[in-house]
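Undergrad: The file below is work-v5.cif, mmCIF, C-alpha atoms:
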data_target
loop_
_atom_site.label_atom_id
_atom_site.label_comp_id
_atom_site.auth_asym_id
_atom_site.auth_seq_id
_atom_site.Cartn_x
_atom_site.Cartn_y
_atom_site.Cartn_z
CA MET A 1261 3.62 -202.30 78.05
CA LEU A 1262 3.42 -202.30 74.35
CA ASN A 1263 5.91 -200.16 72.42
CA PHE A 1264 4.24 -198.28 69.56
CA SER A 1265 7.23 -196.14 68.82
CA ARG A 1266 9.47 -196.62 65.74
CA PRO A 1267 13.24 -196.38 65.65
CA ARG A 1268 14.35 -193.04 64.18
CA ASN A 1269 16.47 -194.70 61.53
CA GLN A 1270 13.56 -196.73 60.07
CA PRO A 1271 12.43 -195.20 56.69
CA ARG A 1272 8.84 -194.08 56.31
CA ALA A 1273 6.90 -196.11 53.73
CA ALA A 1274 6.11 -194.14 50.61
CA ARG A 1275 2.44 -195.00 50.37
CA SER A 1276 -0.91 -193.34 50.48
CA MET A 1277 -2.84 -193.23 53.71
CA SER A 1278 -6.55 -193.67 54.04
CA LEU A 1279 -8.23 -191.38 56.52
CA GLY A 1280 -11.95 -191.34 56.77
CA GLY A 1281 -12.38 -192.86 53.29
CA MET A 1282 -10.05 -190.26 51.63
CA ASP A 1283 -6.69 -191.07 50.02
CA TYR A 1284 -3.76 -188.76 50.57
CA VAL A 1285 -0.82 -189.16 48.16
CA ASP A 1286 2.71 -188.52 49.14
CA PRO A 1287 3.51 -184.91 48.16
CA LYS A 1288 6.82 -185.92 46.56
CA ARG A 1289 5.08 -188.29 44.12
CA LYS A 1290 2.42 -185.72 43.33
CA GLY A 1291 5.09 -183.17 42.52
CA ASN A 1292 6.82 -185.52 40.07
CA PHE A 1293 3.54 -186.17 38.26
CA ILE A 1294 2.76 -182.46 37.86
CA GLY A 1295 6.28 -181.83 36.56
CA LYS A 1296 5.88 -184.47 33.88
CA VAL A 1297 2.58 -182.94 32.77
CA PHE A 1298 4.17 -179.51 32.46
CA LEU A 1299 7.06 -181.01 30.47
CA LEU A 1300 4.67 -182.74 28.08
CA VAL A 1301 2.69 -179.53 27.52
CA ALA A 1302 5.90 -177.59 26.87
CA LEU A 1303 7.16 -180.12 24.33
CA THR A 1304 3.79 -180.17 22.55
CA ALA A 1305 3.77 -176.37 22.30
CA LEU A 1306 7.33 -176.42 20.96
CA CYS A 1307 6.41 -178.98 18.27
CA ILE A 1308 3.42 -176.91 17.17
CA LEU A 1309 5.61 -173.82 16.94
CA VAL A 1310 8.23 -175.63 14.84
CA ILE A 1311 5.58 -177.02 12.46
CA LYS A 1312 3.92 -173.64 12.00
CA ARG A 1313 7.25 -172.01 11.20
CA SER A 1314 8.22 -174.68 8.65
CA PRO A 1315 7.89 -173.58 4.97
CA SER A 1316 5.61 -176.52 4.11
CA PHE A 1317 3.10 -175.37 6.72
CA THR A 1318 3.09 -171.64 6.04
CA THR A 1319 3.52 -171.76 2.23
CA PRO A 1320 0.53 -173.05 0.25
CA SER A 1321 1.02 -175.43 -2.63
CA PRO A 1322 1.71 -173.56 -5.89
CA PHE A 1323 -1.11 -175.57 -7.42
CA SER A 1324 -3.61 -174.15 -4.93
CA VAL A 1325 -3.11 -170.47 -5.79
CA HIS A 1326 -3.46 -168.30 -8.87
CA GLU A 1327 0.00 -167.01 -9.72
CA PRO A 1328 0.35 -163.96 -11.99
CA GLY A 1329 1.94 -164.88 -15.30
CA VAL A 1330 1.41 -168.63 -14.81
CA THR A 1331 -1.46 -170.53 -16.45
CA HIS A 1332 -2.49 -173.66 -14.56
CA VAL A 1333 -4.08 -176.26 -16.85
CA LEU A 1334 -5.96 -179.34 -15.69
CA VAL A 1335 -5.36 -182.13 -18.22
CA THR A 1336 -7.87 -184.94 -17.77
CA GLY A 1337 -6.62 -188.23 -19.18
CA GLY A 1338 -3.09 -186.85 -19.10
CA ALA A 1339 -1.59 -190.31 -18.61
CA GLY A 1340 -3.05 -191.47 -21.92
CA TYR A 1341 -1.61 -191.41 -25.42
CA ILE A 1342 -2.80 -187.97 -26.56
CA GLY A 1343 -3.09 -186.44 -23.08
CA SER A 1344 0.54 -187.21 -22.18
CA HIS A 1345 1.78 -185.64 -25.42
CA ALA A 1346 -0.36 -182.57 -24.73
CA THR A 1347 1.06 -182.35 -21.19
CA LEU A 1348 4.60 -182.53 -22.55
CA ARG A 1349 3.90 -179.65 -24.92
CA LEU A 1350 2.25 -177.54 -22.21
CA LEU A 1351 5.18 -178.06 -19.85
CA LYS A 1352 7.63 -177.10 -22.60
CA GLU A 1353 5.62 -173.91 -23.03
CA SER A 1354 5.97 -173.15 -19.28
CA TYR A 1355 2.39 -173.94 -18.29
CA ARG A 1356 1.67 -175.42 -14.87
CA VAL A 1357 -0.10 -178.77 -15.27
CA THR A 1358 -2.20 -181.06 -13.12
CA ILE A 1359 -2.96 -184.48 -14.57
CA VAL A 1360 -6.08 -186.31 -13.40
CA ASP A 1361 -6.37 -189.89 -14.59
CA ASN A 1362 -7.81 -193.16 -13.26
CA LEU A 1363 -5.24 -195.16 -15.29
CA SER A 1364 -7.93 -197.39 -16.80
CA ARG A 1365 -6.46 -196.57 -20.22
CA GLY A 1366 -3.51 -194.40 -19.31
CA ASN A 1367 -0.01 -195.34 -18.20
CA LEU A 1368 1.68 -194.31 -14.98
CA GLY A 1369 4.96 -194.77 -16.84
CA ALA A 1370 4.10 -191.80 -19.06
CA VAL A 1371 3.55 -189.65 -15.98
CA ARG A 1372 6.92 -190.74 -14.59
CA VAL A 1373 8.62 -189.74 -17.83
CA LEU A 1374 7.02 -186.30 -17.64
CA GLN A 1375 7.96 -185.92 -13.97
CA SER A 1376 11.57 -186.80 -14.74
CA LEU A 1377 11.68 -184.20 -17.53
CA PHE A 1378 10.12 -181.47 -15.37
CA PRO A 1379 11.05 -182.18 -11.73
CA GLU A 1380 10.91 -178.56 -10.56
CA PRO A 1381 8.35 -177.83 -7.81
CA GLY A 1382 5.11 -176.34 -9.04
CA ARG A 1383 5.40 -177.62 -12.61
CA LEU A 1384 3.49 -180.91 -12.67
CA GLN A 1385 1.33 -182.89 -10.29
CA PHE A 1386 -0.55 -186.15 -10.82
CA ILE A 1387 -3.85 -186.96 -9.11
CA TYR A 1388 -5.27 -190.46 -9.31
CA ALA A 1389 -9.04 -190.05 -9.55
CA ASP A 1390 -12.09 -191.11 -11.54
CA LEU A 1391 -14.10 -188.35 -13.20
CA GLY A 1392 -17.22 -190.40 -12.61
CA ASP A 1393 -16.88 -189.69 -8.87
CA ALA A 1394 -18.43 -186.23 -8.55
CA LYS A 1395 -17.26 -185.80 -4.93
CA SER A 1396 -13.65 -186.52 -5.87
CA VAL A 1397 -13.83 -184.12 -8.79
CA ASP A 1398 -15.31 -181.39 -6.59
CA LYS A 1399 -12.52 -181.93 -4.04
CA ILE A 1400 -9.87 -181.60 -6.77
CA PHE A 1401 -11.34 -178.32 -7.96
CA SER A 1402 -11.72 -177.00 -4.41
CA GLU A 1403 -8.07 -177.69 -3.55
CA ASN A 1404 -6.51 -176.44 -6.81
CA LYS A 1405 -6.78 -173.18 -8.72
CA PHE A 1406 -7.17 -173.99 -12.40
CA ASP A 1407 -7.15 -171.42 -15.17
CA ALA A 1408 -8.14 -173.86 -17.90
CA VAL A 1409 -9.17 -177.47 -18.52
CA MET A 1410 -8.13 -179.69 -21.42
CA HIS A 1411 -10.56 -182.58 -21.32
CA PHE A 1412 -9.09 -185.67 -23.01
CA ALA A 1413 -10.22 -188.41 -20.62
CA ALA A 1414 -12.52 -190.82 -22.46
CA VAL A 1415 -12.82 -194.33 -23.79
CA ALA A 1416 -12.33 -193.99 -27.52
CA TYR A 1417 -12.75 -197.14 -29.60
CA VAL A 1418 -15.55 -197.33 -32.16
CA GLY A 1419 -15.78 -201.11 -32.12
CA GLU A 1420 -15.81 -201.32 -28.34
CA SER A 1421 -18.54 -198.69 -28.18
CA THR A 1422 -20.90 -200.91 -30.17
CA LEU A 1423 -20.37 -203.73 -27.64
CA TYR A 1424 -20.61 -201.60 -24.48
CA PRO A 1425 -22.68 -198.51 -25.35
CA LEU A 1426 -23.71 -197.68 -21.78
CA LYS A 1427 -20.08 -197.59 -20.73
CA TYR A 1428 -19.40 -195.01 -23.44
CA TYR A 1429 -22.35 -192.78 -22.60
CA HIS A 1430 -21.39 -192.81 -18.94
CA ASN A 1431 -17.66 -192.32 -19.46
CA ILE A 1432 -17.89 -189.64 -22.14
CA THR A 1433 -21.17 -187.78 -21.72
CA SER A 1434 -21.77 -188.08 -17.98
CA ASN A 1435 -18.16 -187.44 -16.99
CA THR A 1436 -17.99 -184.34 -19.18
CA LEU A 1437 -21.03 -183.00 -17.34
CA VAL A 1438 -19.31 -183.60 -13.98
CA VAL A 1439 -16.21 -181.69 -15.12
CA LEU A 1440 -18.27 -178.83 -16.52
CA GLU A 1441 -20.28 -178.50 -13.31
CA SER A 1442 -17.12 -178.20 -11.22
CA MET A 1443 -15.66 -175.69 -13.66
CA ALA A 1444 -18.77 -173.54 -13.32
CA LYS A 1445 -18.80 -173.86 -9.51
CA TYR A 1446 -15.15 -172.85 -9.11
CA ASN A 1447 -15.10 -170.28 -11.91
CA VAL A 1448 -12.59 -171.95 -14.22
CA LYS A 1449 -12.75 -169.80 -17.30
CA THR A 1450 -11.43 -171.83 -20.26
CA PHE A 1451 -12.50 -175.24 -21.58
CA ILE A 1452 -10.72 -177.07 -24.41
CA TYR A 1453 -12.78 -180.12 -25.35
CA SER A 1454 -11.30 -183.10 -27.14
CA SER A 1455 -14.00 -184.26 -29.57
CA THR A 1456 -13.97 -186.37 -32.71
CA CYS A 1457 -14.89 -186.58 -36.36
CA ALA A 1458 -17.07 -189.54 -35.36
CA THR A 1459 -19.77 -186.99 -34.49
CA TYR A 1460 -20.27 -186.44 -38.24
CA GLY A 1461 -21.05 -190.08 -38.98
CA GLU A 1462 -20.86 -190.77 -42.70
CA PRO A 1463 -21.55 -187.53 -44.58
CA GLU A 1464 -22.60 -187.62 -48.21
CA LYS A 1465 -20.12 -184.92 -49.17
CA MET A 1466 -16.38 -184.72 -48.62
CA PRO A 1467 -14.34 -183.05 -47.23
CA ILE A 1468 -15.97 -182.46 -43.87
CA THR A 1469 -16.34 -178.86 -42.71
CA GLU A 1470 -17.43 -177.57 -39.32
CA VAL A 1471 -20.95 -176.97 -40.65
CA THR A 1472 -21.35 -180.51 -41.99
CA GLU A 1473 -24.41 -182.05 -40.32
CA GLN A 1474 -23.57 -184.23 -37.33
CA LYS A 1475 -25.22 -187.64 -37.69
CA PRO A 1476 -23.11 -190.11 -35.69
CA ILE A 1477 -23.64 -193.80 -36.39
CA ASN A 1478 -21.94 -195.43 -33.38
CA PRO A 1479 -22.19 -194.94 -29.58
CA TYR A 1480 -18.73 -193.36 -29.45
CA GLY A 1481 -19.70 -190.60 -31.86
CA LYS A 1482 -23.14 -190.21 -30.29
CA ALA A 1483 -21.71 -189.87 -26.78
CA LYS A 1484 -19.25 -187.23 -27.96
CA LYS A 1485 -22.00 -185.28 -29.72
CA MET A 1486 -24.16 -185.38 -26.58
CA ALA A 1487 -21.22 -183.96 -24.63
CA GLU A 1488 -20.79 -181.23 -27.23
CA ASP A 1489 -24.50 -180.37 -26.98
CA ILE A 1490 -24.20 -180.02 -23.19
CA ILE A 1491 -21.18 -177.74 -23.56
CA LEU A 1492 -22.89 -175.57 -26.19
CA ASP A 1493 -26.10 -175.27 -24.18
CA PHE A 1494 -24.13 -174.25 -21.10
CA SER A 1495 -22.07 -171.72 -23.03
CA LYS A 1496 -25.16 -169.76 -24.10
CA ASN A 1497 -25.48 -168.26 -20.62
CA SER A 1498 -21.84 -168.39 -19.57
CA LYS A 1499 -18.74 -166.26 -20.07
CA MET A 1500 -16.58 -169.37 -20.24
CA ALA A 1501 -14.18 -169.54 -23.19
CA VAL A 1502 -14.89 -172.78 -25.07
CA MET A 1503 -12.96 -174.54 -27.82
CA ILE A 1504 -14.18 -177.83 -29.33
CA LEU A 1505 -11.66 -179.73 -31.43
CA ARG A 1506 -13.00 -182.50 -33.65
CA TYR A 1507 -10.00 -184.47 -34.75
CA PHE A 1508 -9.51 -187.38 -37.04
CA ASN A 1509 -7.32 -190.52 -36.82
CA VAL A 1510 -4.29 -189.96 -34.60
CA ILE A 1511 -0.92 -191.55 -35.33
CA GLY A 1512 2.75 -191.01 -34.48
CA SER A 1513 4.57 -190.19 -31.26
CA ASP A 1514 6.97 -187.68 -29.75
CA PRO A 1515 9.76 -187.05 -32.31
CA GLU A 1516 12.38 -187.17 -29.55
CA GLY A 1517 11.24 -190.61 -28.43
CA ARG A 1518 10.17 -189.70 -24.90
CA LEU A 1519 6.51 -190.70 -25.23
CA GLY A 1520 4.53 -193.11 -27.36
CA GLU A 1521 1.36 -195.14 -27.65
CA ALA A 1522 1.11 -198.10 -25.27
CA PRO A 1523 -2.44 -199.47 -25.30
CA ARG A 1524 -3.40 -202.22 -22.91
CA PRO A 1525 -3.01 -205.74 -24.38
CA GLU A 1526 -6.64 -206.64 -23.70
CA LEU A 1527 -7.75 -203.78 -25.96
CA ARG A 1528 -5.70 -204.75 -29.01
CA GLU A 1529 -8.69 -205.89 -31.05
CA HIS A 1530 -10.37 -202.49 -30.60
CA GLY A 1531 -7.29 -200.28 -30.92
CA ARG A 1532 -5.90 -197.98 -33.58
CA ILE A 1533 -4.64 -199.39 -36.86
CA SER A 1534 -1.11 -198.18 -36.08
CA GLY A 1535 -0.98 -200.29 -32.92
CA ALA A 1536 -2.32 -203.29 -34.80
CA CYS A 1537 0.36 -202.87 -37.47
CA PHE A 1538 3.12 -202.69 -34.87
CA ASP A 1539 1.83 -205.76 -33.05
CA ALA A 1540 1.90 -207.70 -36.33
CA ALA A 1541 5.38 -206.42 -37.19
CA ARG A 1542 6.71 -207.48 -33.78
CA GLY A 1543 5.10 -210.92 -34.03
CA ILE A 1544 2.78 -210.33 -31.07
CA THR A 1545 -0.15 -211.15 -33.33
CA GLN A 1546 -0.23 -213.54 -36.27
CA GLY A 1547 -0.99 -210.77 -38.71
CA LEU A 1548 -2.96 -207.61 -39.35
CA LYS A 1549 -6.73 -207.86 -39.63
CA VAL A 1550 -8.32 -205.37 -42.05
CA THR A 1551 -12.08 -205.16 -41.62
CA GLY A 1552 -14.06 -204.23 -44.70
CA THR A 1553 -12.89 -204.39 -48.33
CA ASP A 1554 -16.16 -203.67 -50.10
CA TYR A 1555 -16.65 -199.99 -49.32
CA ASN A 1556 -17.38 -197.51 -52.09
CA THR A 1557 -13.78 -196.29 -52.21
CA PRO A 1558 -11.04 -196.67 -54.86
CA ASP A 1559 -9.51 -199.80 -53.25
CA GLY A 1560 -12.54 -200.95 -51.23
CA THR A 1561 -11.06 -200.14 -47.81
CA CYS A 1562 -11.97 -197.26 -45.50
CA ILE A 1563 -10.45 -193.84 -46.08
CA ARG A 1564 -9.27 -191.82 -43.11
CA ASP A 1565 -7.48 -188.54 -42.38
CA TYR A 1566 -4.37 -189.47 -40.36
CA ILE A 1567 -3.17 -186.66 -38.09
CA ASP A 1568 0.17 -186.83 -36.27
CA VAL A 1569 -0.13 -186.48 -32.49
CA THR A 1570 2.47 -183.69 -32.47
CA ASP A 1571 0.31 -181.62 -34.83
CA LEU A 1572 -2.76 -182.45 -32.78
CA VAL A 1573 -1.35 -181.14 -29.49
CA ASP A 1574 -0.09 -178.06 -31.30
CA ALA A 1575 -3.71 -177.37 -32.31
CA HIS A 1576 -4.78 -177.71 -28.65
CA VAL A 1577 -2.16 -175.22 -27.47
CA LYS A 1578 -3.14 -172.75 -30.18
CA ALA A 1579 -6.81 -173.18 -29.18
CA LEU A 1580 -5.88 -172.44 -25.56
CA GLU A 1581 -3.99 -169.31 -26.60
CA LYS A 1582 -6.83 -168.06 -28.81
CA ALA A 1583 -9.73 -168.87 -26.45
CA ARG A 1584 -11.77 -165.80 -25.49
CA PRO A 1585 -14.36 -165.29 -22.72
CA GLY A 1586 -17.93 -165.87 -23.83
CA LYS A 1587 -16.84 -167.22 -27.23
CA VAL A 1588 -17.12 -170.73 -28.67
CA GLY A 1589 -14.77 -172.05 -31.33
CA ILE A 1590 -15.36 -175.34 -33.17
CA TYR A 1591 -12.61 -176.71 -35.38
CA ASN A 1592 -11.78 -179.80 -37.40
CA VAL A 1593 -8.19 -180.95 -36.84
CA GLY A 1594 -6.87 -182.94 -39.78
CA THR A 1595 -4.53 -182.82 -42.74
CA GLY A 1596 -7.28 -182.45 -45.36
CA LYS A 1597 -6.09 -185.57 -47.15
CA GLY A 1598 -7.67 -189.01 -46.98
CA ARG A 1599 -5.65 -192.23 -47.08
CA SER A 1600 -7.08 -195.72 -47.45
CA VAL A 1601 -6.39 -198.52 -45.01
CA LYS A 1602 -4.47 -200.37 -47.71
CA GLU A 1603 -2.28 -197.28 -48.20
CA PHE A 1604 -1.65 -197.16 -44.47
CA VAL A 1605 -0.67 -200.85 -44.38
CA SER A 1606 1.74 -200.31 -47.27
CA ALA A 1607 3.35 -197.38 -45.46
CA CYS A 1608 3.58 -199.44 -42.28
CA LYS A 1609 5.38 -202.25 -44.10
CA LYS A 1610 7.94 -199.76 -45.45
CA ALA A 1611 8.39 -197.99 -42.11
CA THR A 1612 8.93 -201.19 -40.12
CA GLY A 1613 10.75 -203.15 -42.82
CA VAL A 1614 8.47 -206.11 -42.11
CA ASP A 1615 6.29 -207.79 -44.72
CA ILE A 1616 3.25 -207.91 -42.50
CA LYS A 1617 0.72 -210.65 -43.15
CA VAL A 1618 -2.72 -209.15 -43.80
CA ASP A 1619 -6.06 -210.87 -43.30
CA PHE A 1620 -9.08 -209.23 -44.91
CA LEU A 1621 -12.29 -209.63 -42.92
CA PRO A 1622 -15.92 -208.45 -43.21
CA ARG A 1623 -16.89 -204.95 -42.15
CA ARG A 1624 -16.80 -203.96 -38.50
CA PRO A 1625 -20.03 -202.60 -36.98
CA GLY A 1626 -20.05 -198.82 -36.63
CA ASP A 1627 -17.41 -198.07 -39.25
CA TYR A 1628 -17.91 -195.63 -42.12
CA ALA A 1629 -16.43 -195.63 -45.58
CA GLU A 1630 -14.74 -192.25 -45.93
CA VAL A 1631 -13.93 -189.29 -43.69
CA TYR A 1632 -11.38 -186.53 -44.14
CA SER A 1633 -11.35 -182.92 -43.09
CA ASP A 1634 -11.36 -179.48 -44.59
CA PRO A 1635 -8.88 -177.64 -42.30
CA THR A 1636 -9.54 -174.19 -43.78
CA LYS A 1637 -11.24 -172.75 -40.70
CA ILE A 1638 -8.54 -173.74 -38.21
CA ARG A 1639 -5.86 -172.47 -40.56
CA GLN A 1640 -7.53 -169.09 -40.92
CA GLU A 1641 -8.62 -168.54 -37.31
CA LEU A 1642 -5.94 -170.31 -35.26
CA ASN A 1643 -3.07 -170.11 -37.74
CA TRP A 1644 -2.68 -173.88 -37.52
CA THR A 1645 -1.61 -176.21 -40.31
CA ALA A 1646 -0.49 -179.83 -40.03
CA GLN A 1647 3.30 -180.10 -40.37
CA TYR A 1648 3.85 -183.84 -40.00
CA THR A 1649 2.01 -185.03 -43.10
CA ASP A 1650 4.44 -187.71 -44.30
CA LEU A 1651 2.50 -190.85 -43.35
CA GLU A 1652 5.48 -193.18 -43.56
CA ARG A 1653 7.64 -190.82 -41.50
CA SER A 1654 5.06 -190.58 -38.71
CA ILE A 1655 4.85 -194.36 -38.59
CA GLN A 1656 8.67 -194.64 -38.49
CA VAL A 1657 8.86 -192.36 -35.46
CA ALA A 1658 6.19 -194.34 -33.64
CA TRP A 1659 7.83 -197.64 -34.65
CA LYS A 1660 11.18 -196.53 -33.21
CA TRP A 1661 9.53 -195.93 -29.84
CA GLN A 1662 7.74 -199.29 -30.01
CA LYS A 1663 10.98 -201.18 -30.72
CA SER A 1664 12.86 -199.45 -27.91
CA ARG A 1665 10.09 -200.34 -25.44
CA PRO A 1666 8.72 -203.77 -26.32
CA ASN A 1667 6.65 -203.82 -23.12
CA GLY A 1668 5.52 -200.22 -23.38
CA TYR A 1669 6.33 -197.95 -20.46
CA GLU A 1670 7.19 -200.98 -18.33
CA SER A 1671 10.42 -201.22 -20.32
CA SER A 1672 11.52 -197.65 -19.62
#
Show how you would write the structure in this file as structure tokens.
TA:
Amino acid sequence: MLNFSRPRNQPRAARSMSLGGMDYVDPKRKGNFIGKVFLLVALTALCILVIKRSPSFTTPSPFSVHEPGVTHVLVTGGAGYIGSHATLRLLKESYRVTIVDNLSRGNLGAVRVLQSLFPEPGRLQFIYADLGDAKSVDKIFSENKFDAVMHFAAVAYVGESTLYPLKYYHNITSNTLVVLESMAKYNVKTFIYSSTCATYGEPEKMPITEVTEQKPINPYGKAKKMAEDIILDFSKNSKMAVMILRYFNVIGSDPEGRLGEAPRPELREHGRISGACFDAARGITQGLKVTGTDYNTPDGTCIRDYIDVTDLVDAHVKALEKARPGKVGIYNVGTGKGRSVKEFVSACKKATGVDIKVDFLPRRPGDYAEVYSDPTKIRQELNWTAQYTDLERSIQVAWKWQKSRPNGYESS
């Protein structure tokens, strides 16, 4: 007789049994599985609760809300030469600032300097973005609450504009339209536009006033004038406060040595005369190239109105303070005094203490003989007057920054 019984001390196998095609799991194993599921759910719920109660989750970014008594300014091109100086001044005046820059001409080092000077939360944020990307610009405006825009971002070399005109029309005119459209969509009420005396071209009469006819002669000036026309057309049926500042040739740097001009090496041939002088004084280039010595001016070289960057940003802040809904203000920003290129070179030699070698070359396409401003209107309406009018002194301040940072912001 076969024995089908099992000794009582033999353990039962912990396995599933198949009865009629159905699997039955051991109840002990099933209980462990359900317990683990409940534990996982409980931990997930606890994590969600902790995150929701954390300040970073419940408190919105200060940049995303309108705060009474605080003016939030979007500074496009705020990593650039003029834009970074304007940002510094705004932060000193207790404005909240967002910089948007694609760093094609700007310097991340300048942003880092500003962040180190104003590290407090809610003071300054930097957003890497290209104004030519309308979706990115729309996203920036949707996620931040701006009270005003200072629009500096632009390529800005006359000579380069004659070589790459389409680049200038796209970067200046088209990008300004993108910014203006987002401002209108999200009800940003104040627009300070950084324009240029290049929109005037080469007027027959000096000095230049705000009613001087605009007849630009190079793509840079033409692109800026097109942008101005778009702004003025839009303003006719808008309550936006608009200020257009047409400024002249910018020099100098922060008097306290925190910021300066650090153009990219590949753009040296198109850059400002001050940068070219410093490169020659430091031996980076073999000498200074002066284009055009046969203009109808006292010494044959071009005459320009050199405005210190500190004065220039002061004009922007005053324009922001004086801007009024539904009103448009147009102002020339200059000293009212013209200086020739030869005078500038002489001042640069004295400021640097270097006898810079000068090569005189034929005229550069797109240049004009003489431009300087009549600053009467801005003095009367905005109570602004240039303070840093000593040409040699402005160059000395900029030279000090250049010497302390031979590789620009990479040296800081």
Undergrad: For the structure provided, state which residues fall under the PyMOL selection byres ((chain A and resi 1630) around 10), and present them as a list of chain:residue names.
TA: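 Written out, the selection comes to A:Gly1461, A:Glu1462, A:Pro1463, A:Glu1464, A:Lys1465, A:Met1466, A:Pro1467, A:Tyr1555, A:Asn1556, A:Thr1557, A:Thr1561, A:Cys1562, A:Ile1563, A:Arg1564, A:Asp1565, A:Gly1598, A:Arg1599, A:Ser1600, A:Asp1627, A:Tyr1628, A:Ala1629, A:Val1631, A:Tyr1632.
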Undergrad: Excluding Arg1665 of chain A and its own-chain neighbours fewer than 6 positions away, which residues fall within 12 Å of it when counting all atoms listed in the file? Please give them as an mmCIF file with C-alpha atoms, in the frame of the given file.
TA:
data_model
loop_
_atom_site.group_PDB
_atom_site.id
_atom_site.type_symbol
_atom_site.label_atom_id
_atom_site.label_comp_id
_atom_site.auth_asym_id
_atom_site.auth_seq_id
_atom_site.Cartn_x
_atom_site.Cartn_y
_atom_site.Cartn_z
ATOM 1 C CA GLY A 1369 4.960 -194.770 -16.840
ATOM 2 C CA GLY A 1517 11.240 -190.610 -28.430
ATOM 3 C CA ARG A 1518 10.170 -189.700 -24.900
ATOM 4 C CA LEU A 1519 6.510 -190.700 -25.230
ATOM 5 C CA GLY A 1520 4.530 -193.110 -27.360
ATOM 6 C CA GLU A 1521 1.360 -195.140 -27.650
ATOM 7 C CA ALA A 1522 1.110 -198.100 -25.270
ATOM 8 C CA PHE A 1538 3.120 -202.690 -34.870
ATOM 9 C CA ARG A 1542 6.710 -207.480 -33.780
ATOM 10 C CA ALA A 1658 6.190 -194.340 -33.640
ATOM 11 C CA TRP A 1659 7.830 -197.640 -34.650
ATOM 12 C CA SER A 1671 10.420 -201.220 -20.320
ATOM 13 C CA SER A 1672 11.520 -197.650 -19.620
#
Undergrad: Around the point (-9.4, -173.9, -12.1) in the file's coordinates, collect all residues with an atom within 10 Å, using all atoms listed in the file, and return them as a PDB file with C-alpha atoms, in the coordinates of the input.
TA:
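Full text of point_10.pdb as output:
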ATOM      1  CA  PHE A1323      -1.110-175.570  -7.420  1.00  0.00           C
ATOM      2  CA  SER A1324      -3.610-174.150  -4.930  1.00  0.00           C
ATOM      3  CA  VAL A1325      -3.110-170.470  -5.790  1.00  0.00           C
ATOM      4  CA  HIS A1326      -3.460-168.300  -8.870  1.00  0.00           C
ATOM      5  CA  THR A1331      -1.460-170.530 -16.450  1.00  0.00           C
ATOM      6  CA  HIS A1332      -2.490-173.660 -14.560  1.00  0.00           C
ATOM      7  CA  VAL A1333      -4.080-176.260 -16.850  1.00  0.00           C
ATOM      8  CA  LEU A1334      -5.960-179.340 -15.690  1.00  0.00           C
ATOM      9  CA  ILE A1400      -9.870-181.600  -6.770  1.00  0.00           C
ATOM     10  CA  PHE A1401     -11.340-178.320  -7.960  1.00  0.00           C
ATOM     11  CA  SER A1402     -11.720-177.000  -4.410  1.00  0.00           C
ATOM     12  CA  GLU A1403      -8.070-177.690  -3.550  1.00  0.00           C
ATOM     13  CA  ASN A1404      -6.510-176.440  -6.810  1.00  0.00           C
ATOM     14  CA  LYS A1405      -6.780-173.180  -8.720  1.00  0.00           C
ATOM     15  CA  PHE A1406      -7.170-173.990 -12.400  1.00  0.00           C
ATOM     16  CA  ASP A1407      -7.150-171.420 -15.170  1.00  0.00           C
ATOM     17  CA  ALA A1408      -8.140-173.860 -17.900  1.00  0.00           C
ATOM     18  CA  VAL A1409      -9.170-177.470 -18.520  1.00  0.00           C
ATOM     19  CA  SER A1442     -17.120-178.200 -11.220  1.00  0.00           C
ATOM     20  CA  MET A1443     -15.660-175.690 -13.660  1.00  0.00           C
ATOM     21  CA  ALA A1444     -18.770-173.540 -13.320  1.00  0.00           C
ATOM     22  CA  LYS A1445     -18.800-173.860  -9.510  1.00  0.00           C
ATOM     23  CA  TYR A1446     -15.150-172.850  -9.110  1.00  0.00           C
ATOM     24  CA  ASN A1447     -15.100-170.280 -11.910  1.00  0.00           C
ATOM     25  CA  VAL A1448     -12.590-171.950 -14.220  1.00  0.00           C
ATOM     26  CA  LYS A1449     -12.750-169.800 -17.300  1.00  0.00           C
ATOM     27  CA  THR A1450     -11.430-171.830 -20.260  1.00  0.00           C
TER      28      THR A1450
END
Undergrad: Using all atoms listed in the file, which protein or nucleic acid residues come within 12 Å of Ser1513 of chain A? Drop anything in the same chain fewer than 6 positions from it, and give the result as number ranges by chain.
TA: A: 1341-1346, 1348, 1519-1522, 1534-1535, 1567-1573, 1648, 1653-1662
Undergrad: Could you check the closest approach to Lys1549 of chain A for each of A:Lys1617, A:Lys1597, A:His1411, A:Lys1637 and tell me which residue wins, using all atoms listed in the file?
TA: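 Among the listed residues, the smallest separation from Lys1549 of chain A belongs to A:Lys1617.
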Undergrad: Which distance in Å separates atom CA of Val1438 of chain A and atom CA of Asn1497 of chain A, to one decimal?
TA: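 Between atom CA of Val1438 of chain A and atom CA of Asn1497 of chain A the gap is 17.8 Å.
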